[in-house]
file input32.cif (mmCIF, C-alpha atoms)
data_protein
#
loop_
_atom_site.label_atom_id
_atom_site.label_comp_id
_atom_site.auth_asym_id
_atom_site.auth_seq_id
_atom_site.Cartn_x
_atom_site.Cartn_y
_atom_site.Cartn_z
CA MET I 1 -34.94 -35.36 29.11
CA THR I 2 -37.44 -37.38 31.05
CA ALA I 3 -40.95 -36.13 31.74
CA ILE I 4 -40.07 -35.35 35.37
CA SER I 5 -37.09 -33.19 34.50
CA MET I 6 -39.19 -31.47 31.82
CA VAL I 7 -41.80 -30.52 34.44
CA LEU I 8 -39.06 -29.39 36.86
CA ALA I 9 -37.45 -27.28 34.12
CA CYS I 10 -40.84 -25.64 33.39
CA ILE I 11 -41.31 -24.83 37.11
CA THR I 12 -37.79 -23.37 37.28
CA VAL I 13 -38.29 -21.17 34.21
CA ALA I 14 -41.74 -20.06 35.40
CA GLY I 15 -40.27 -19.09 38.79
CA ALA I 16 -37.48 -17.14 37.12
CA VAL I 17 -39.89 -15.27 34.82
CA THR I 18 -42.14 -14.41 37.75
CA ALA I 19 -39.16 -13.21 39.81
CA MET I 20 -38.08 -10.89 37.02
CA THR I 21 -41.52 -9.42 36.29
CA ARG I 22 -43.06 -8.78 39.74
CA ARG I 23 -43.06 -5.19 40.95
CA ASN I 24 -43.37 -6.22 44.59
CA LEU I 25 -39.86 -7.19 45.69
CA VAL I 26 -40.89 -9.70 48.36
CA HIS I 27 -43.05 -11.56 45.83
CA ALA I 28 -40.11 -11.52 43.41
CA VAL I 29 -37.81 -13.13 45.99
CA LEU I 30 -40.43 -15.78 46.80
CA ALA I 31 -40.64 -16.65 43.08
CA LEU I 32 -36.84 -16.74 43.04
CA VAL I 33 -36.92 -19.34 45.84
CA VAL I 34 -39.16 -21.48 43.60
CA ALA I 35 -36.64 -21.17 40.76
CA PHE I 36 -33.73 -22.11 43.04
CA LEU I 37 -35.64 -25.11 44.40
CA GLY I 38 -36.45 -26.22 40.85
CA LEU I 39 -32.77 -26.00 39.95
CA ALA I 40 -31.84 -28.05 43.03
CA THR I 41 -34.28 -30.80 42.01
CA LEU I 42 -32.87 -30.68 38.48
CA TYR I 43 -29.43 -31.35 40.01
CA LEU I 44 -30.98 -34.30 41.88
CA THR I 45 -32.38 -35.74 38.63
CA LEU I 46 -28.89 -35.42 37.14
CA GLY I 47 -27.43 -37.51 39.96
CA ALA I 48 -25.61 -34.66 41.72
CA GLN I 49 -27.21 -35.01 45.14
CA PHE I 50 -24.52 -33.16 47.07
CA VAL I 51 -24.64 -30.13 44.75
CA GLY I 52 -28.44 -30.15 44.92
CA PHE I 53 -28.45 -29.96 48.70
CA ALA I 54 -25.65 -27.37 48.67
CA GLN I 55 -27.85 -25.34 46.30
CA ILE I 56 -30.78 -25.54 48.74
CA LEU I 57 -28.59 -24.60 51.71
CA VAL I 58 -26.76 -21.72 50.04
CA TYR I 59 -29.38 -20.20 47.74
CA VAL I 60 -32.73 -21.02 49.34
CA GLY I 61 -31.35 -20.81 52.87
CA ALA I 62 -28.87 -17.95 52.72
CA VAL I 63 -28.97 -15.81 49.56
CA SER I 64 -32.77 -15.44 49.44
CA ILE I 65 -32.99 -14.63 53.15
CA LEU I 66 -30.19 -12.08 52.74
CA ALA I 67 -32.11 -10.49 49.85
CA VAL I 68 -35.26 -10.32 52.00
CA PHE I 69 -33.24 -8.64 54.79
CA VAL I 70 -31.94 -5.99 52.38
CA ILE I 71 -35.45 -5.43 50.98
CA LEU I 72 -36.79 -4.85 54.50
CA LEU I 73 -33.85 -2.59 55.44
CA THR I 74 -34.40 -0.45 52.31
CA ARG I 75 -38.15 -0.26 52.94
CA GLY I 76 -39.92 2.58 51.17
CA ALA I 77 -37.67 2.20 48.18
CA SER I 78 -38.87 -1.33 47.55
CA LEU I 79 -41.74 -0.50 45.18
CA GLU I 80 -40.66 0.92 41.85
CA ALA I 81 -42.19 4.39 41.60
CA ASP I 82 -43.18 4.31 37.95
CA ALA I 83 -42.98 1.78 35.16
CA THR I 84 -39.81 1.23 33.16
CA PRO I 85 -39.89 3.18 29.87
CA ALA I 86 -41.04 1.04 26.96
CA SER I 87 -37.88 1.68 24.94
CA LYS I 88 -35.73 0.19 27.72
CA TRP I 89 -38.04 -2.84 28.01
CA ILE I 90 -37.92 -3.51 24.29
CA ALA I 91 -34.14 -3.05 24.07
CA GLY I 92 -33.51 -5.38 27.03
CA LEU I 93 -35.88 -8.03 25.71
CA LEU I 94 -34.34 -7.84 22.25
CA ILE I 95 -30.83 -8.29 23.66
CA ALA I 96 -31.96 -11.23 25.81
CA ALA I 97 -33.85 -12.86 22.93
CA GLY I 98 -30.82 -12.41 20.68
CA THR I 99 -28.60 -14.02 23.33
CA PHE I 100 -30.98 -16.94 23.66
CA GLY I 101 -31.16 -17.34 19.89
CA LEU I 102 -27.39 -17.36 19.58
CA LEU I 103 -26.97 -19.83 22.48
CA GLY I 104 -29.73 -22.08 21.13
CA TYR I 105 -28.22 -22.05 17.65
CA SER I 106 -24.76 -22.94 19.01
CA ILE I 107 -26.20 -25.73 21.17
CA GLY I 108 -28.17 -27.15 18.25
CA SER I 109 -25.25 -27.12 15.86
CA SER I 110 -22.58 -28.29 18.33
CA ARG I 111 -20.99 -31.71 18.49
CA VAL I 112 -21.63 -32.14 22.23
CA ALA I 113 -25.25 -33.05 21.50
CA ARG I 114 -23.98 -36.32 20.04
CA PHE I 115 -22.19 -37.53 23.19
CA ALA I 116 -23.15 -41.10 23.98
CA VAL I 117 -25.40 -41.20 27.05
CA GLU I 118 -23.82 -43.40 29.70
CA ALA I 119 -25.28 -44.88 32.84
CA PRO I 120 -25.52 -42.39 35.71
CA PRO I 121 -22.21 -42.21 37.58
CA GLN I 122 -22.26 -43.41 41.17
CA THR I 123 -20.88 -40.65 43.36
CA THR I 124 -20.73 -40.81 47.11
CA VAL I 125 -19.98 -37.96 49.48
CA LYS I 126 -16.78 -39.82 50.34
CA GLN I 127 -15.60 -39.53 46.74
CA ILE I 128 -16.42 -35.80 46.69
CA GLY I 129 -14.50 -35.36 49.94
CA ASN I 130 -11.51 -37.22 48.53
CA ALA I 131 -11.58 -35.06 45.40
CA LEU I 132 -11.86 -31.83 47.44
CA MET I 133 -9.04 -32.84 49.79
CA GLY I 134 -6.88 -34.35 47.05
CA ALA I 135 -6.81 -32.93 43.55
CA TYR I 136 -8.76 -29.76 44.38
CA VAL I 137 -7.28 -28.83 47.76
CA LEU I 138 -5.68 -25.60 46.53
CA PRO I 139 -8.90 -24.21 44.96
CA LEU I 140 -10.71 -25.20 48.16
CA GLU I 141 -8.31 -23.14 50.29
CA VAL I 142 -8.59 -20.20 47.87
CA VAL I 143 -12.40 -20.30 48.12
CA GLY I 144 -12.08 -20.36 51.91
CA LEU I 145 -9.86 -17.28 51.78
CA LEU I 146 -12.26 -15.58 49.35
CA LEU I 147 -15.24 -16.23 51.62
CA THR I 148 -13.35 -14.85 54.64
CA ALA I 149 -12.38 -11.72 52.70
CA ALA I 150 -15.97 -11.32 51.45
CA LEU I 151 -17.32 -11.68 54.99
CA ILE I 152 -15.01 -8.98 56.37
CA GLY I 153 -15.55 -6.77 53.31
CA ALA I 154 -19.34 -7.02 53.51
CA VAL I 155 -19.31 -6.02 57.19
CA ILE I 156 -16.97 -3.06 56.52
CA ILE I 157 -19.07 -1.84 53.57
CA ALA I 158 -22.44 -2.25 55.26
CA VAL I 159 -21.51 -0.78 58.66
CA ASP I 160 -22.80 2.76 59.29
CA ASP I 161 -19.73 5.00 59.76
CA ARG I 162 -21.58 7.84 61.49
CA LYS I 163 -23.10 5.59 64.13
CA VAL I 164 -19.76 3.92 64.86
CA SER I 165 -17.79 7.15 65.29
CA ARG I 166 -20.39 8.74 67.55
CA MET F 1 -33.08 -34.12 21.18
CA THR F 2 -30.57 -35.67 23.54
CA PRO F 3 -30.88 -35.07 27.30
CA LEU F 4 -27.76 -32.89 27.29
CA THR F 5 -29.27 -30.57 24.66
CA GLY F 6 -32.43 -30.23 26.73
CA TYR F 7 -30.54 -29.23 29.87
CA LEU F 8 -28.32 -26.83 27.91
CA LEU F 9 -31.40 -25.18 26.39
CA VAL F 10 -33.00 -24.78 29.84
CA ALA F 11 -29.77 -23.19 31.09
CA ALA F 12 -29.67 -20.86 28.06
CA LEU F 13 -33.29 -19.84 28.72
CA LEU F 14 -32.54 -19.14 32.41
CA PHE F 15 -29.49 -17.09 31.40
CA SER F 16 -31.58 -15.02 28.96
CA ILE F 17 -34.29 -14.42 31.58
CA GLY F 18 -31.67 -13.26 34.08
CA LEU F 19 -30.06 -11.04 31.45
CA ALA F 20 -33.41 -9.48 30.51
CA GLY F 21 -34.13 -8.79 34.19
CA ALA F 22 -30.68 -7.32 34.84
CA LEU F 23 -31.03 -5.04 31.79
CA THR F 24 -34.60 -3.83 32.23
CA ARG F 25 -35.27 -3.62 35.97
CA ARG F 26 -34.48 -0.37 37.77
CA ASN F 27 -34.32 -1.73 41.30
CA ALA F 28 -30.75 -2.64 42.32
CA ILE F 29 -31.88 -5.73 44.28
CA LEU F 30 -33.71 -7.13 41.25
CA VAL F 31 -30.68 -6.52 39.04
CA LEU F 32 -28.60 -8.52 41.52
CA ILE F 33 -31.22 -11.29 41.49
CA GLY F 34 -30.99 -11.39 37.68
CA ILE F 35 -27.22 -11.81 37.93
CA GLU F 36 -27.74 -14.64 40.44
CA LEU F 37 -30.02 -16.38 37.92
CA MET F 38 -27.32 -16.08 35.25
CA LEU F 39 -24.74 -17.63 37.62
CA ASN F 40 -27.16 -20.46 38.41
CA SER F 41 -27.67 -21.25 34.73
CA ALA F 42 -23.89 -21.63 34.42
CA ASN F 43 -24.00 -24.09 37.36
CA LEU F 44 -26.68 -26.12 35.55
CA ASN F 45 -24.36 -26.29 32.54
CA PHE F 46 -21.49 -27.56 34.71
CA ILE F 47 -23.65 -30.32 36.18
CA ALA F 48 -25.17 -31.31 32.81
CA PHE F 49 -21.74 -31.55 31.16
CA TRP F 50 -20.43 -33.52 34.15
CA ARG F 51 -23.33 -35.99 33.91
CA PHE F 52 -23.31 -36.49 30.15
CA GLY F 53 -19.63 -35.78 29.42
CA PRO F 54 -16.96 -38.39 28.73
CA HIS F 55 -15.45 -38.83 32.25
CA PRO F 56 -18.04 -38.38 35.00
CA GLU F 57 -15.98 -40.38 37.50
CA LYS F 58 -13.38 -37.59 37.68
CA MET F 59 -16.02 -35.21 39.13
CA THR F 60 -14.47 -32.10 37.60
CA GLY F 61 -17.81 -30.50 36.66
CA MET F 62 -19.36 -31.27 40.04
CA VAL F 63 -16.47 -29.80 42.02
CA PHE F 64 -16.44 -26.76 39.70
CA ALA F 65 -20.16 -26.24 40.40
CA LEU F 66 -19.47 -26.40 44.16
CA PHE F 67 -16.76 -23.75 43.89
CA SER F 68 -19.04 -21.67 41.67
CA ILE F 69 -21.77 -21.78 44.34
CA GLY F 70 -19.21 -20.60 46.93
CA VAL F 71 -18.06 -17.68 44.77
CA ALA F 72 -21.67 -16.73 43.97
CA ALA F 73 -22.46 -16.66 47.71
CA ALA F 74 -19.56 -14.25 48.30
CA GLU F 75 -20.76 -12.13 45.37
CA ALA F 76 -24.31 -11.98 46.71
CA ALA F 77 -23.18 -10.95 50.21
CA LEU F 78 -20.91 -8.19 48.88
CA GLY F 79 -23.50 -6.97 46.34
CA LEU F 80 -26.23 -6.68 48.95
CA ALA F 81 -23.82 -4.89 51.33
CA LEU F 82 -23.02 -2.40 48.54
CA ILE F 83 -26.75 -1.85 47.93
CA LEU F 84 -27.19 -1.10 51.66
CA ALA F 85 -24.32 1.40 51.58
CA VAL F 86 -25.75 3.09 48.46
CA TYR F 87 -29.21 3.23 50.04
CA ARG F 88 -27.84 4.89 53.17
CA HIS F 89 -26.18 7.57 51.05
CA TYR F 90 -28.83 8.28 48.39
CA LYS F 91 -32.01 7.12 50.25
CA THR F 92 -32.99 5.22 47.09
CA ILE F 93 -31.98 2.06 45.25
CA ASP F 94 -33.52 3.15 41.93
CA LEU F 95 -30.62 2.77 39.52
CA ASP F 96 -31.90 5.61 37.28
CA GLN F 97 -31.64 8.08 40.17
CA ILE F 98 -28.14 7.02 41.28
CA ASP F 99 -26.26 9.02 38.65
CA ALA F 100 -23.49 10.88 40.48
CA LEU F 101 -19.96 9.59 41.02
CA LYS F 102 -19.18 12.29 43.60
CA GLY F 103 -20.57 11.48 47.06
#

call {"tool": "encode", "arguments": {"input": "input32.cif", "output": "structure tokens"}}
result
Amino acid sequence: MTAISMVLACITVAGAVTAMTRRNLVHAVLALVVAFLGLATLYLTLGAQFVGFAQILVYVGAVSILAVFVILLTRGASLEADATPASKWIAGLLIAAGTFGLLGYSIGSSRVARFAVEAPPQTTVKQIGNALMGAYVLPLEVVGLLLTAALIGAVIIAVDDRKVSR
Amino acid sequence: MTPLTGYLLVAALLFSIGLAGALTRRNAILVLIGIELMLNSANLNFIAFWRFGPHPEKMTGMVFALFSIGVAAAEAALGLALILAVYRHYKTIDLDQIDALKG
């Protein structure tokens, strides 16, 4: 990893840690935006410009704003009343640390670390469009269907029945 | 340490942070945010394997990451809608207080 991607990775991890430890929900979502932006710049350093900008549009632009909307709509419940019991904290941290240890061990001992590093591939948006409309056209249609179903489902779930029937 | 190992370790760290948050936090919105972080770490893995894998010109990893972002967006919208519905019913989104299956 180059120095730049190292710094970006540190910013991303710091944003994620802050998002998971703040008690104020709005602050947590702002830290989450930092983590998402760091990830998008990591994609840029990896040469995946289109995915990086899609990440900014979808996560920074839509998911975070949606989370802020829900936080404001559930106002009053947004501050956790009392601290999480210590036993739960310790158990959760132990499970997460164990997961990280296992993943780190598998990464360190795996063969993929010895892939030869090639020159960065040149990808244009035209190539991505050709791939999406050619080899991956069926998954693309399925994702379109899924998003439509999710849109209708979210509206049906979130709508207030009592207000509608009145 | 090769570049691929570095990116994989960052993704593993992000996944663990998201897992810790999803397990320990009591607020439903923060649990959902933790799950989003875990999905994002998987996306980072897709992109890293695409970049340093044997056949980057086929763009499999990149297209998979794009689809993954689309599915995660649908998941976030539905999850937040469910939280709104739960809040309207129980007047709280504290997961420790939502303990009844019957409405």

call {"tool": "axis_aligned_box", "arguments": {"input": "input32.cif", "around": "range 27-30 of chain F", "padding_each_side": "3 Å", "output": "JSON"}}
result
{"center_x": -32.5, "center_y": -4.4, "center_z": 42.8, "size_x": 9.6, "size_y": 11.4, "size_z": 9.0}

call {"tool": "closest_residue", "arguments": {"input": "input32.cif", "among": "I:Ala86, I:Val112, I:Val143, I:Val17", "to": "Ala48 in chain F", "atoms": "all atoms listed in the file"}}
result
I:Val112

call {"tool": "resolve_selection", "arguments": {"input": "input32.cif", "expression": "the PyMOL selection byres ((chain F and resi 81) around 10)", "output": "number ranges by chain"}}
result
I: 66, 70, 153-159; F: 75-80, 82-87

call {"tool": "atom_distance", "arguments": {"input": "input32.cif", "atom1": "CA of Val29 in chain I", "atom2": "CA of Leu42 in chain I"}}
result
19.7 Å

call {"tool": "closest_residue", "arguments": {"input": "input32.cif", "among": "F:Ala42, F:Thr92, F:Gly53, F:Leu32", "to": "Ala65 in chain F", "atoms": "all atoms listed in the file"}}
result
F:Ala42

call {"tool": "resolve_selection", "arguments": {"input": "input32.cif", "expression": "the PyMOL selection byres ((chain F and resi 31) around 10)", "output": "PDB file with C-alpha atoms, in the frame of the given file"}}
result
ATOM      1  CA  MET I  20     -38.080 -10.890  37.020  1.00  0.00           C
TER       2      MET I  20
ATOM      3  CA  GLY F  18     -31.670 -13.260  34.080  1.00  0.00           C
ATOM      4  CA  LEU F  19     -30.060 -11.040  31.450  1.00  0.00           C
ATOM      5  CA  ALA F  20     -33.410  -9.480  30.510  1.00  0.00           C
ATOM      6  CA  GLY F  21     -34.130  -8.790  34.190  1.00  0.00           C
ATOM      7  CA  ALA F  22     -30.680  -7.320  34.840  1.00  0.00           C
ATOM      8  CA  LEU F  23     -31.030  -5.040  31.790  1.00  0.00           C
ATOM      9  CA  THR F  24     -34.600  -3.830  32.230  1.00  0.00           C
ATOM     10  CA  ARG F  25     -35.270  -3.620  35.970  1.00  0.00           C
ATOM     11  CA  ARG F  26     -34.480  -0.370  37.770  1.00  0.00           C
ATOM     12  CA  ASN F  27     -34.320  -1.730  41.300  1.00  0.00           C
ATOM     13  CA  ALA F  28     -30.750  -2.640  42.320  1.00  0.00           C
ATOM     14  CA  ILE F  29     -31.880  -5.730  44.280  1.00  0.00           C
ATOM     15  CA  LEU F  30     -33.710  -7.130  41.250  1.00  0.00           C
ATOM     16  CA  LEU F  32     -28.600  -8.520  41.520  1.00  0.00           C
ATOM     17  CA  ILE F  33     -31.220 -11.290  41.490  1.00  0.00           C
ATOM     18  CA  GLY F  34     -30.990 -11.390  37.680  1.00  0.00           C
ATOM     19  CA  ILE F  35     -27.220 -11.810  37.930  1.00  0.00           C
ATOM     20  CA  GLU F  36     -27.740 -14.640  40.440  1.00  0.00           C
ATOM     21  CA  LEU F  37     -30.020 -16.380  37.920  1.00  0.00           C
ATOM     22  CA  LEU F  95     -30.620   2.770  39.520  1.00  0.00           C
TER      23      LEU F  95
END

call {"tool": "closest_residue", "arguments": {"input": "input32.cif", "among": "I:Ile11, I:Val68, I:Val51, I:Leu145", "to": "chain F", "atoms": "only C-alpha atoms"}}
result
I:Val51

call {"tool": "resolve_selection", "arguments": {"input": "input32.cif", "expression": "the PyMOL selection byres ((chain I and resi 37-41) around 9)", "output": "JSON, numbers by chain"}}
result
{"I": [5, 8, 9, 10, 11, 12, 13, 15, 32, 33, 34, 35, 36, 42, 43, 44, 45, 46, 49, 51, 52, 53, 54, 55, 56, 59, 60], "F": [40, 41, 44]}

call {"tool": "atom_distance", "arguments": {"input": "input32.cif", "atom1": "CA of Ala11 in chain F", "atom2": "CA of Asn45 in chain F"}}
result
6.4 Å

call {"tool": "atom_distance", "arguments": {"input": "input32.cif", "atom1": "CA of Tyr105 in chain I", "atom2": "CA of Ser87 in chain I"}}
result
26.6 Å
